[in-house]
Structure formats: C-alpha cells, structure tokens
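protein.txt (compact mmCIF, C-alpha atoms) appears below.
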```
# COMPACT_ATOMS: atom_id res chain seq x y z
CA MET A 757 118.50 81.78 98.53
CA THR A 758 122.29 82.00 98.54
CA VAL A 759 124.91 81.84 95.83
CA GLU A 760 128.30 80.29 96.53
CA PRO A 761 131.08 80.64 96.02
CA LEU A 762 131.60 84.26 95.17
CA SER A 763 134.77 86.01 96.14
CA GLU A 764 135.85 88.85 98.35
CA PRO A 765 139.26 90.47 98.79
CA SER A 766 141.42 88.85 101.47
CA GLY A 767 144.16 90.55 103.40
CA ASP A 768 146.83 89.66 100.87
CA GLY A 769 144.84 91.00 97.93
CA SER A 770 143.71 87.59 96.66
CA ARG A 771 140.02 86.66 96.53
CA THR A 772 138.45 84.07 98.79
CA GLY A 773 135.14 82.17 98.57
CA SER A 774 132.01 83.61 100.22
CA THR A 775 128.24 83.49 99.90
CA ILE A 776 125.71 86.10 98.88
CA GLU A 777 122.02 86.31 99.74
CA ILE A 778 119.46 86.61 96.93
CA PRO A 779 116.68 89.08 97.90
CA SER A 780 113.17 87.66 97.58
CA GLU A 781 112.20 90.24 94.94
CA LEU A 782 114.75 88.67 92.56
CA SER A 783 113.45 85.12 93.01
CA GLY A 784 111.63 85.23 89.66
CA LEU A 785 114.76 86.36 87.80
CA ILE A 786 117.16 83.80 89.22
CA LYS A 787 116.80 80.06 88.67
CA ARG A 788 118.16 77.20 90.77
CA HIS A 789 119.13 73.75 89.50
CA TYR A 790 120.27 71.71 92.51
CA SER A 791 123.46 73.47 93.68
CA GLN A 792 123.65 75.68 90.58
CA VAL A 793 122.07 79.15 90.41
CA PHE A 794 121.64 81.19 87.22
CA PHE A 795 120.23 84.46 85.97
CA ASP A 796 117.05 83.68 84.04
CA GLU A 797 117.53 83.47 80.25
CA SER A 798 114.96 86.25 79.80
CA LEU A 799 117.55 88.73 81.12
CA SER A 800 119.98 90.23 78.64
CA ASP A 801 123.63 90.46 79.67
CA LEU A 802 123.11 94.19 80.20
CA GLU A 803 120.25 93.52 82.62
CA ALA A 804 122.24 90.75 84.31
CA MET A 805 125.12 93.17 84.83
CA LEU A 806 122.76 95.75 86.35
CA PHE A 807 121.28 93.14 88.67
CA SER A 808 124.77 92.04 89.69
CA LEU A 809 125.24 95.57 91.02
CA TYR A 810 121.78 95.34 92.68
CA LEU A 811 122.81 92.13 94.47
CA ALA A 812 126.14 93.58 95.56
CA GLU A 813 124.41 96.66 96.99
CA ALA A 814 121.70 94.58 98.71
CA ASN A 815 124.27 92.45 100.49
CA ALA A 816 126.48 95.39 101.45
CA LYS A 817 123.39 97.44 102.38
CA LYS A 818 124.77 100.57 100.74
CA ALA A 819 124.75 102.27 97.35
CA GLY A 820 127.54 101.46 94.93
CA ALA A 821 129.76 98.38 94.73
CA GLU A 822 133.22 97.37 93.58
CA TYR A 823 133.63 96.47 89.91
CA ALA A 824 135.29 93.15 90.83
CA VAL A 825 132.51 92.14 93.23
CA CYS A 826 129.84 92.82 90.61
CA LYS A 827 131.80 90.86 88.01
CA ASP A 828 132.10 87.88 90.36
CA ILE A 829 128.33 87.84 90.86
CA PHE A 830 127.75 88.15 87.11
CA VAL A 831 129.99 85.13 86.42
CA SER A 832 128.75 83.08 89.39
CA LEU A 833 125.21 83.43 88.06
CA GLY A 834 126.08 81.88 84.73
CA ARG A 835 127.19 84.73 82.47
CA LYS A 836 130.50 84.91 80.58
CA GLU A 837 133.26 86.94 82.20
CA ASN A 838 134.24 88.63 78.91
CA ASN A 839 130.71 90.03 78.56
CA PHE A 840 130.82 91.91 81.84
CA LYS A 841 133.27 94.63 80.80
CA ALA A 842 131.46 95.19 77.49
CA ASN A 843 128.12 95.65 79.24
CA VAL A 844 129.54 97.99 81.86
CA TYR A 845 130.79 100.11 78.96
CA LEU A 846 127.37 99.89 77.29
CA ALA A 847 125.56 100.83 80.51
CA LYS A 848 127.79 103.87 80.98
CA LYS A 849 127.18 104.88 77.36
CA LYS A 850 123.41 104.58 77.90
CA LEU A 851 123.77 106.64 81.11
CA LEU A 852 122.59 103.76 83.29
CA LEU A 853 125.79 103.62 85.35
CA VAL A 854 128.58 105.87 86.52
CA ALA A 855 132.00 104.72 87.70
CA ASP A 856 134.01 106.44 90.42
CA GLY A 857 137.33 104.66 90.24
CA GLU A 858 136.52 100.98 90.84
CA ILE A 859 133.08 101.72 92.29
CA LEU A 860 129.98 101.28 90.10
CA GLU A 861 126.80 103.20 90.88
CA TYR A 862 123.38 103.51 89.25
CA THR A 863 122.22 106.72 87.67
CA ALA A 864 118.56 107.64 88.25
CA GLN A 865 117.82 106.27 84.79
CA GLY A 866 119.59 102.99 85.56
CA LEU A 867 117.76 102.53 88.85
CA LYS A 868 114.45 103.21 87.13
CA LEU A 869 115.21 100.47 84.59
CA VAL A 870 115.99 98.00 87.38
CA GLU A 871 112.77 98.89 89.23
CA LYS A 872 110.76 98.54 86.05
CA THR A 873 112.23 95.10 85.40
CA LEU A 874 111.40 94.06 88.95
CA GLY A 875 107.88 95.31 88.43
CA THR A 876 107.95 97.58 91.48
CA GLU A 877 106.65 100.56 89.53
CA HIS A 878 103.43 98.86 88.44
CA LYS A 879 103.07 95.76 90.64
CA ALA A 880 102.63 95.61 94.39
CA PRO A 881 105.04 93.14 96.02
CA VAL A 882 103.56 89.83 97.18
CA ILE A 883 105.21 87.72 99.87
CA LEU A 884 104.39 84.01 100.03
CA VAL A 885 104.83 82.34 103.42
CA ARG A 886 104.78 78.53 103.28
CA SER A 887 103.52 76.09 105.86
CA GLY A 888 106.22 74.11 107.66
CA GLU A 889 108.89 76.81 107.28
CA ALA A 890 108.54 78.69 110.57
CA PHE A 891 112.03 80.19 110.77
CA THR A 892 112.08 81.06 107.07
CA ALA A 893 108.63 82.62 107.40
CA ILE A 894 109.72 84.89 110.24
CA LYS A 895 112.88 85.84 108.33
CA HIS A 896 110.87 86.74 105.22
CA PHE A 897 108.41 88.79 107.25
CA GLU A 898 111.25 90.62 108.98
CA GLU A 899 112.79 91.38 105.56
CA PHE A 900 109.41 92.66 104.40
CA LEU A 901 109.14 94.95 107.44
CA SER A 902 112.72 96.19 106.94
CA THR A 903 112.31 97.03 103.25
CA GLU A 904 108.66 98.07 102.92
CA VAL A 905 107.54 99.57 106.24
CA LYS A 906 108.97 103.02 106.81
CA ALA A 907 106.94 104.92 109.41
CA LYS A 908 107.19 106.08 113.02
CA GLU A 909 103.74 104.69 113.80
CA VAL A 910 102.63 101.25 112.60
CA PHE A 911 99.12 99.75 112.95
CA LEU A 912 98.42 96.00 113.00
CA CYS A 913 94.90 94.55 113.00
CA ASP A 914 95.07 90.85 113.91
CA PRO A 915 92.24 88.98 115.71
CA PHE A 916 94.71 86.63 117.45
CA VAL A 917 97.75 88.11 119.21
CA SER A 918 100.30 86.40 121.46
CA PRO A 919 103.82 87.23 122.70
CA SER A 920 105.28 85.67 119.52
CA THR A 921 103.41 88.27 117.45
CA LEU A 922 106.00 90.79 118.57
CA TYR A 923 109.12 88.89 117.41
CA PRO A 924 109.32 90.08 113.77
CA PHE A 925 108.63 93.70 114.64
CA SER A 926 112.07 94.11 116.20
CA ALA A 927 113.10 94.62 112.54
CA LEU A 928 111.53 98.10 112.81
CA ALA A 929 114.05 99.21 115.47
CA GLY A 930 115.43 102.65 114.70
CA ARG A 931 112.47 103.60 112.48
CA ALA A 932 109.16 102.86 114.20
CA SER A 933 108.51 104.23 117.68
CA VAL A 934 104.89 103.05 118.19
CA LEU A 935 103.19 99.76 117.27
CA LYS A 936 99.41 99.76 117.76
CA LEU A 937 97.85 96.28 117.87
CA LEU A 938 94.10 95.92 117.46
CA THR A 939 92.92 92.41 118.33
CA SER A 940 89.99 90.29 119.54
CA ASN A 941 92.01 87.76 121.48
CA LEU A 942 95.16 88.32 123.53
CA PHE A 943 96.86 85.09 124.61
CA ASP A 944 99.23 84.74 127.59
CA GLU A 945 98.68 88.33 128.65
CA SER A 946 101.20 88.43 131.53
CA LYS A 947 104.00 87.24 129.25
CA PHE A 948 102.81 89.62 126.54
CA VAL A 949 103.04 92.57 128.96
CA ASP A 950 106.62 91.55 129.81
CA TYR A 951 107.50 91.35 126.10
CA CYS A 952 106.00 94.79 125.47
CA GLN A 953 108.21 96.27 128.17
CA ARG A 954 111.28 94.55 126.71
CA MET A 955 110.34 95.71 123.22
CA GLU A 956 110.35 99.33 124.34
CA LYS A 957 113.52 99.00 126.41
CA GLU A 958 115.58 97.10 123.81
CA PHE A 959 114.22 98.47 120.53
CA GLY A 960 112.58 101.78 121.43
CA ILE A 961 109.17 100.62 120.16
CA GLU A 962 106.17 101.32 122.38
CA VAL A 963 103.49 98.65 121.98
CA GLN A 964 99.85 99.61 122.54
CA VAL A 965 97.04 97.03 122.42
CA ARG A 966 93.27 97.38 122.37
CA ILE A 967 90.55 94.71 122.28
CA ASN A 968 87.72 94.91 119.75
CA ARG A 969 85.49 91.83 119.34
CA HIS A 970 84.12 92.97 115.97
CA ILE A 971 87.26 92.68 113.81
CA HIS A 972 88.00 89.79 111.45
CA ASP A 973 90.53 90.68 108.73
CA ARG A 974 94.29 90.92 109.24
CA TYR A 975 96.11 93.93 107.85
CA LEU A 976 99.10 96.17 108.47
CA LEU A 977 99.20 99.95 108.00
CA ALA A 978 102.17 102.30 107.78
CA SER A 979 102.04 105.88 106.49
CA ASN A 980 99.74 105.76 103.46
CA ARG A 981 100.27 102.06 102.70
CA CYS A 982 98.25 98.96 103.60
CA TRP A 983 99.02 95.24 103.40
CA SER A 984 96.58 92.34 103.69
CA ILE A 985 97.90 89.40 105.75
CA GLY A 986 96.36 85.97 105.30
CA ALA A 987 97.17 84.39 108.69
CA SER A 988 97.87 85.72 112.16
CA ILE A 989 101.47 86.84 112.71
CA LYS A 990 101.77 84.45 115.66
CA ASP A 991 101.14 81.54 113.25
CA LEU A 992 103.72 82.47 110.62
CA GLY A 993 105.03 79.27 109.05
CA ASN A 994 102.21 77.12 110.42
CA LYS A 995 99.93 77.78 107.44
CA ASP A 996 100.37 78.87 103.83
CA THR A 997 99.64 82.58 103.63
CA VAL A 998 100.26 85.66 101.51
CA VAL A 999 101.17 89.24 102.41
CA LYS A 1000 100.00 91.60 99.67
CA GLU A 1001 99.83 95.36 99.38
CA ILE A 1002 96.34 96.73 98.70
CA THR A 1003 96.95 100.27 97.53
CA GLU A 1004 93.41 100.99 96.36
CA VAL A 1005 91.91 100.89 99.88
CA ALA A 1006 94.81 102.11 102.01
CA GLU A 1007 93.14 105.35 103.05
CA SER A 1008 89.83 103.64 103.85
CA MET A 1009 91.55 100.92 105.88
CA ASN A 1010 93.45 103.53 107.87
CA GLU A 1011 90.16 105.29 108.71
CA LEU A 1012 88.58 101.96 109.64
CA PHE A 1013 91.47 101.03 111.94
CA LEU A 1014 91.25 104.33 113.81
CA LYS A 1015 87.47 103.95 114.12
CA ARG A 1016 87.77 100.43 115.55
CA TRP A 1017 90.62 101.59 117.79
CA ASP A 1018 88.45 104.34 119.29
CA GLU A 1019 85.60 101.84 119.81
CA ALA A 1020 87.87 99.26 121.46
CA ASP A 1021 88.24 98.32 125.13
CA GLY A 1022 91.00 99.91 127.20
CA GLU A 1023 94.68 99.46 126.40
CA ARG A 1024 96.63 96.33 127.34
CA GLY A 1025 100.34 95.71 127.57
CA GLN A 1026 101.05 98.99 129.35
CA GLU A 1027 101.03 97.79 132.96
```
As structure tokens, how would this structure be written, given the file I've shared?
Amino acid sequence: MTVEPLSEPSGDGSRTGSTIEIPSELSGLIKRHYSQVFFDESLSDLEAMLFSLYLAEANAKKAGAEYAVCKDIFVSLGRKENNFKANVYLAKKKLLLVADGEILEYTAQGLKLVEKTLGTEHKAPVILVRSGEAFTAIKHFEEFLSTEVKAKEVFLCDPFVSPSTLYPFSALAGRASVLKLLTSNLFDESKFVDYCQRMEKEFGIEVQVRINRHIHDRYLLASNRCWSIGASIKDLGNKDTVVKEITEVAESMNELFLKRWDEADGERGQE
C-alpha cells in the first residue's frame, strides 16, 4: 500500500509530492477508501503521531526521522496538522520520544508501546499470500525474509522445489551465507544447478539441496524460529496461502529437519 502525496524537501527548500510505502504489519491500523488512506479511528492522535515516525523510519530504513516528514505523514493519513505538535510535546513529556534538533527518535519506552500496539510482543506475525497476485506475493515474501529472518544458516523444507524457489531468497543477501533445501521433488535440475551457482556468485549464499521422499509439510527455520508455509515457494501467488510463525515447536522442527537431512539422498545443486 502507498500513500500519496506526501512531501520531501526539494533543492530550493520547498516540499514536493512523493509516495510512501505502508509496511504490511500496519495494514490493520490504516484504512483505505478508494484513493484516500487514513489512520484507523481506534488510534489516538498520540499513537498516530508515533506511527508516523514508524512509517518515516521504515521508508528511510534508518532510526529517527525529520519532524516535518513525520508531520506530513500524520496529516496525509487524516489527522489535523495542529494536533501533531501537541502530541510530539506529549510524547516527549511521557518519555516516548526524544528530539535532537529537527530529528525525532523513539525512546525504549516509546518503541515498546509501538510494538505492543502492533501486537508483536504477544502475537506471531501472519503473512497472507493471495492467489492471482504473483508479483505481490513474491514481494511480500521477500519483505518477510528481510524483516524476520536473521541468520547465517537458513533451512527450508519444501516437497516441491524448482529454480523459481530461489528468487525470493536473494533478499537474504548480506545476512545468510547458507540455504539448505530439503525436498522430495527437484524440477528442472540443470537450470536449478545454474541458479545455485549464480546465487552464490551474486549474493554470497551457498545453496545445498538434499532429496528425502518422506517429507510433506513446508516450513522455514532460522536460528531458533520456525514458520509454517502453506504452499510451495515456487507457487507463490498461484494459490491462497499463509506464512505463520509457530514458536511452540521451533526446537522440535529444527531437530526434525536435521534428522531428515541426515537421512536424505546426496546433495544436489553443487555440481
């Protein structure tokens, strides 16, 4: 989802129209009515101000954001301009924000409040991938990998693997160095081998594949976390599916993966 127009400084100091992406985790807090986009009425102006900072940081991909940029987001999402300054003052008084010149930043207390509102402290994120939205599905899965998967070694159990399975995992470049794929069926193996070699050369991710005919479920493992995946990665956008974290069995699933990996046929994709 995007919001437009917002404004950014131009070379002469004036502000020009631009767009801003809405992260998927905020989709329940932001409502769309045709071309109009609003903060949900359940959010107070204080919360809306804090989420304006969240949006500014998410789009800039760094902590802290300019006061004016946050205010533009606040207003563009349906809140009154005069209320922004008052709620920045209130947030600073409540020790939710600090200001360094024109830059606003969360305190630990402020960030905790934002996370609690998002539900990330008590609710595992769920990603819905819809049928008929292939490009959107891949984009959402890449965003999921970028934000949630933070490990040098990543395990994927998927009974049906093809060269297209590898596309989204380029999002792990710079963090993951090994991707282990456990599958029952490897399609277009010669092309897959070529893609594995390109993956390592271009993104520094070594892909290892083993065949085990006794697997059925699809899941992803990274560090001590586990996600259940409804459909094969190669079919993203072809069928409705959900990616959901399953924290209660993460350790057991990791042990199961390694067991099935050791039982599997020799490695593929390393020729």
Return as JSON lines the residues of segment 811-918 of chain A lying at most 7 Å from segment 978-991 of chain A, together with the closest atom-to-atom pair for each and the distance in Å to one decimal, counting all atoms listed in the file, with rows in chain order and ascending residue number.
```
{"residue": "A:Val905", "atom": "CA", "partner": "A:Ala978", "partner_atom": "CA", "distance": 6.2}
{"residue": "A:Lys906", "atom": "CA", "partner": "A:Ala978", "partner_atom": "CA", "distance": 6.9}
{"residue": "A:Ala907", "atom": "CA", "partner": "A:Ala978", "partner_atom": "CA", "distance": 5.7}
{"residue": "A:Glu909", "atom": "CA", "partner": "A:Ala978", "partner_atom": "CA", "distance": 6.7}
{"residue": "A:Val910", "atom": "CA", "partner": "A:Ala978", "partner_atom": "CA", "distance": 5.0}
{"residue": "A:Phe911", "atom": "CA", "partner": "A:Ala978", "partner_atom": "CA", "distance": 6.5}
{"residue": "A:Asp914", "atom": "CA", "partner": "A:Ser988", "partner_atom": "CA", "distance": 6.1}
{"residue": "A:Phe916", "atom": "CA", "partner": "A:Ser988", "partner_atom": "CA", "distance": 6.2}
{"residue": "A:Val917", "atom": "CA", "partner": "A:Lys990", "partner_atom": "CA", "distance": 6.5}
{"residue": "A:Ser918", "atom": "CA", "partner": "A:Lys990", "partner_atom": "CA", "distance": 6.3}
```
Residues as selected, C-alpha atoms, written as a CSV table (one decimal), in the coordinates of the input, can you do that?
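Wrote result-v6.csv, looks like this:
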```csv
chain,number,residue,atom,x,y,z
A,905,VAL,CA,107.5,99.6,106.2
A,906,LYS,CA,109.0,103.0,106.8
A,907,ALA,CA,106.9,104.9,109.4
A,909,GLU,CA,103.7,104.7,113.8
A,910,VAL,CA,102.6,101.2,112.6
A,911,PHE,CA,99.1,99.8,113.0
A,914,ASP,CA,95.1,90.8,113.9
A,916,PHE,CA,94.7,86.6,117.4
A,917,VAL,CA,97.8,88.1,119.2
A,918,SER,CA,100.3,86.4,121.5
```
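With distances restricted to all atoms listed in the file, A:Asn843 is the closest residue to Asp801 of chain A from A:Asn843, A:Ser832, A:Gln953, A:Ser887.
Rounded to one decimal, atom CA of Leu942 of chain A and atom CA of Ile967 of chain A lie 8.0 Å from each other.
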Residues within 9 Å of Phe925 of chain A, all atoms listed in the file, excluding chain neighbours under 6 positions, as an MDAnalysis selection string: chainID A and resid 897:898 901 935 955 961
Store the residues picked out above in a file with C-alpha atoms, as an mmCIF file, in the frame of the given file.
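So the final result, stored in again03.cif, reads:
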```cif
data_model
loop_
_atom_site.group_PDB
_atom_site.id
_atom_site.type_symbol
_atom_site.label_atom_id
_atom_site.label_comp_id
_atom_site.auth_asym_id
_atom_site.auth_seq_id
_atom_site.Cartn_x
_atom_site.Cartn_y
_atom_site.Cartn_z
ATOM 1 C CA PHE A 897 108.410 88.790 107.250
ATOM 2 C CA GLU A 898 111.250 90.620 108.980
ATOM 3 C CA LEU A 901 109.140 94.950 107.440
ATOM 4 C CA LEU A 935 103.190 99.760 117.270
ATOM 5 C CA MET A 955 110.340 95.710 123.220
ATOM 6 C CA ILE A 961 109.170 100.620 120.160
#
```
Which neighbours of Lys818 of chain A fall inside 12 Å, counting only C-alpha atoms, when residues of the same chain fewer than 5 positions from it are skipped, and could you give them as a ChimeraX atom specification? /A:809-813,859-862
Requested write-out: C-alpha atoms of the selected residues, as a short mmCIF file (atom, residue, chain, number, x, y, z; two decimals), in the frame of the given file:
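File again_14.cif, as written:
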```cif
data_model
loop_
_atom_site.label_atom_id
_atom_site.label_comp_id
_atom_site.auth_asym_id
_atom_site.auth_seq_id
_atom_site.Cartn_x
_atom_site.Cartn_y
_atom_site.Cartn_z
CA LEU A 809 125.24 95.57 91.02
CA TYR A 810 121.78 95.34 92.68
CA LEU A 811 122.81 92.13 94.47
CA ALA A 812 126.14 93.58 95.56
CA GLU A 813 124.41 96.66 96.99
CA ILE A 859 133.08 101.72 92.29
CA LEU A 860 129.98 101.28 90.10
CA GLU A 861 126.80 103.20 90.88
CA TYR A 862 123.38 103.51 89.25
#
```
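When all atoms listed in the file are used to compute distances to Leu976 of chain A, the closest of the residues A:Leu912, A:Leu1012, A:Val998, A:Leu833 turns out to be A:Leu912.
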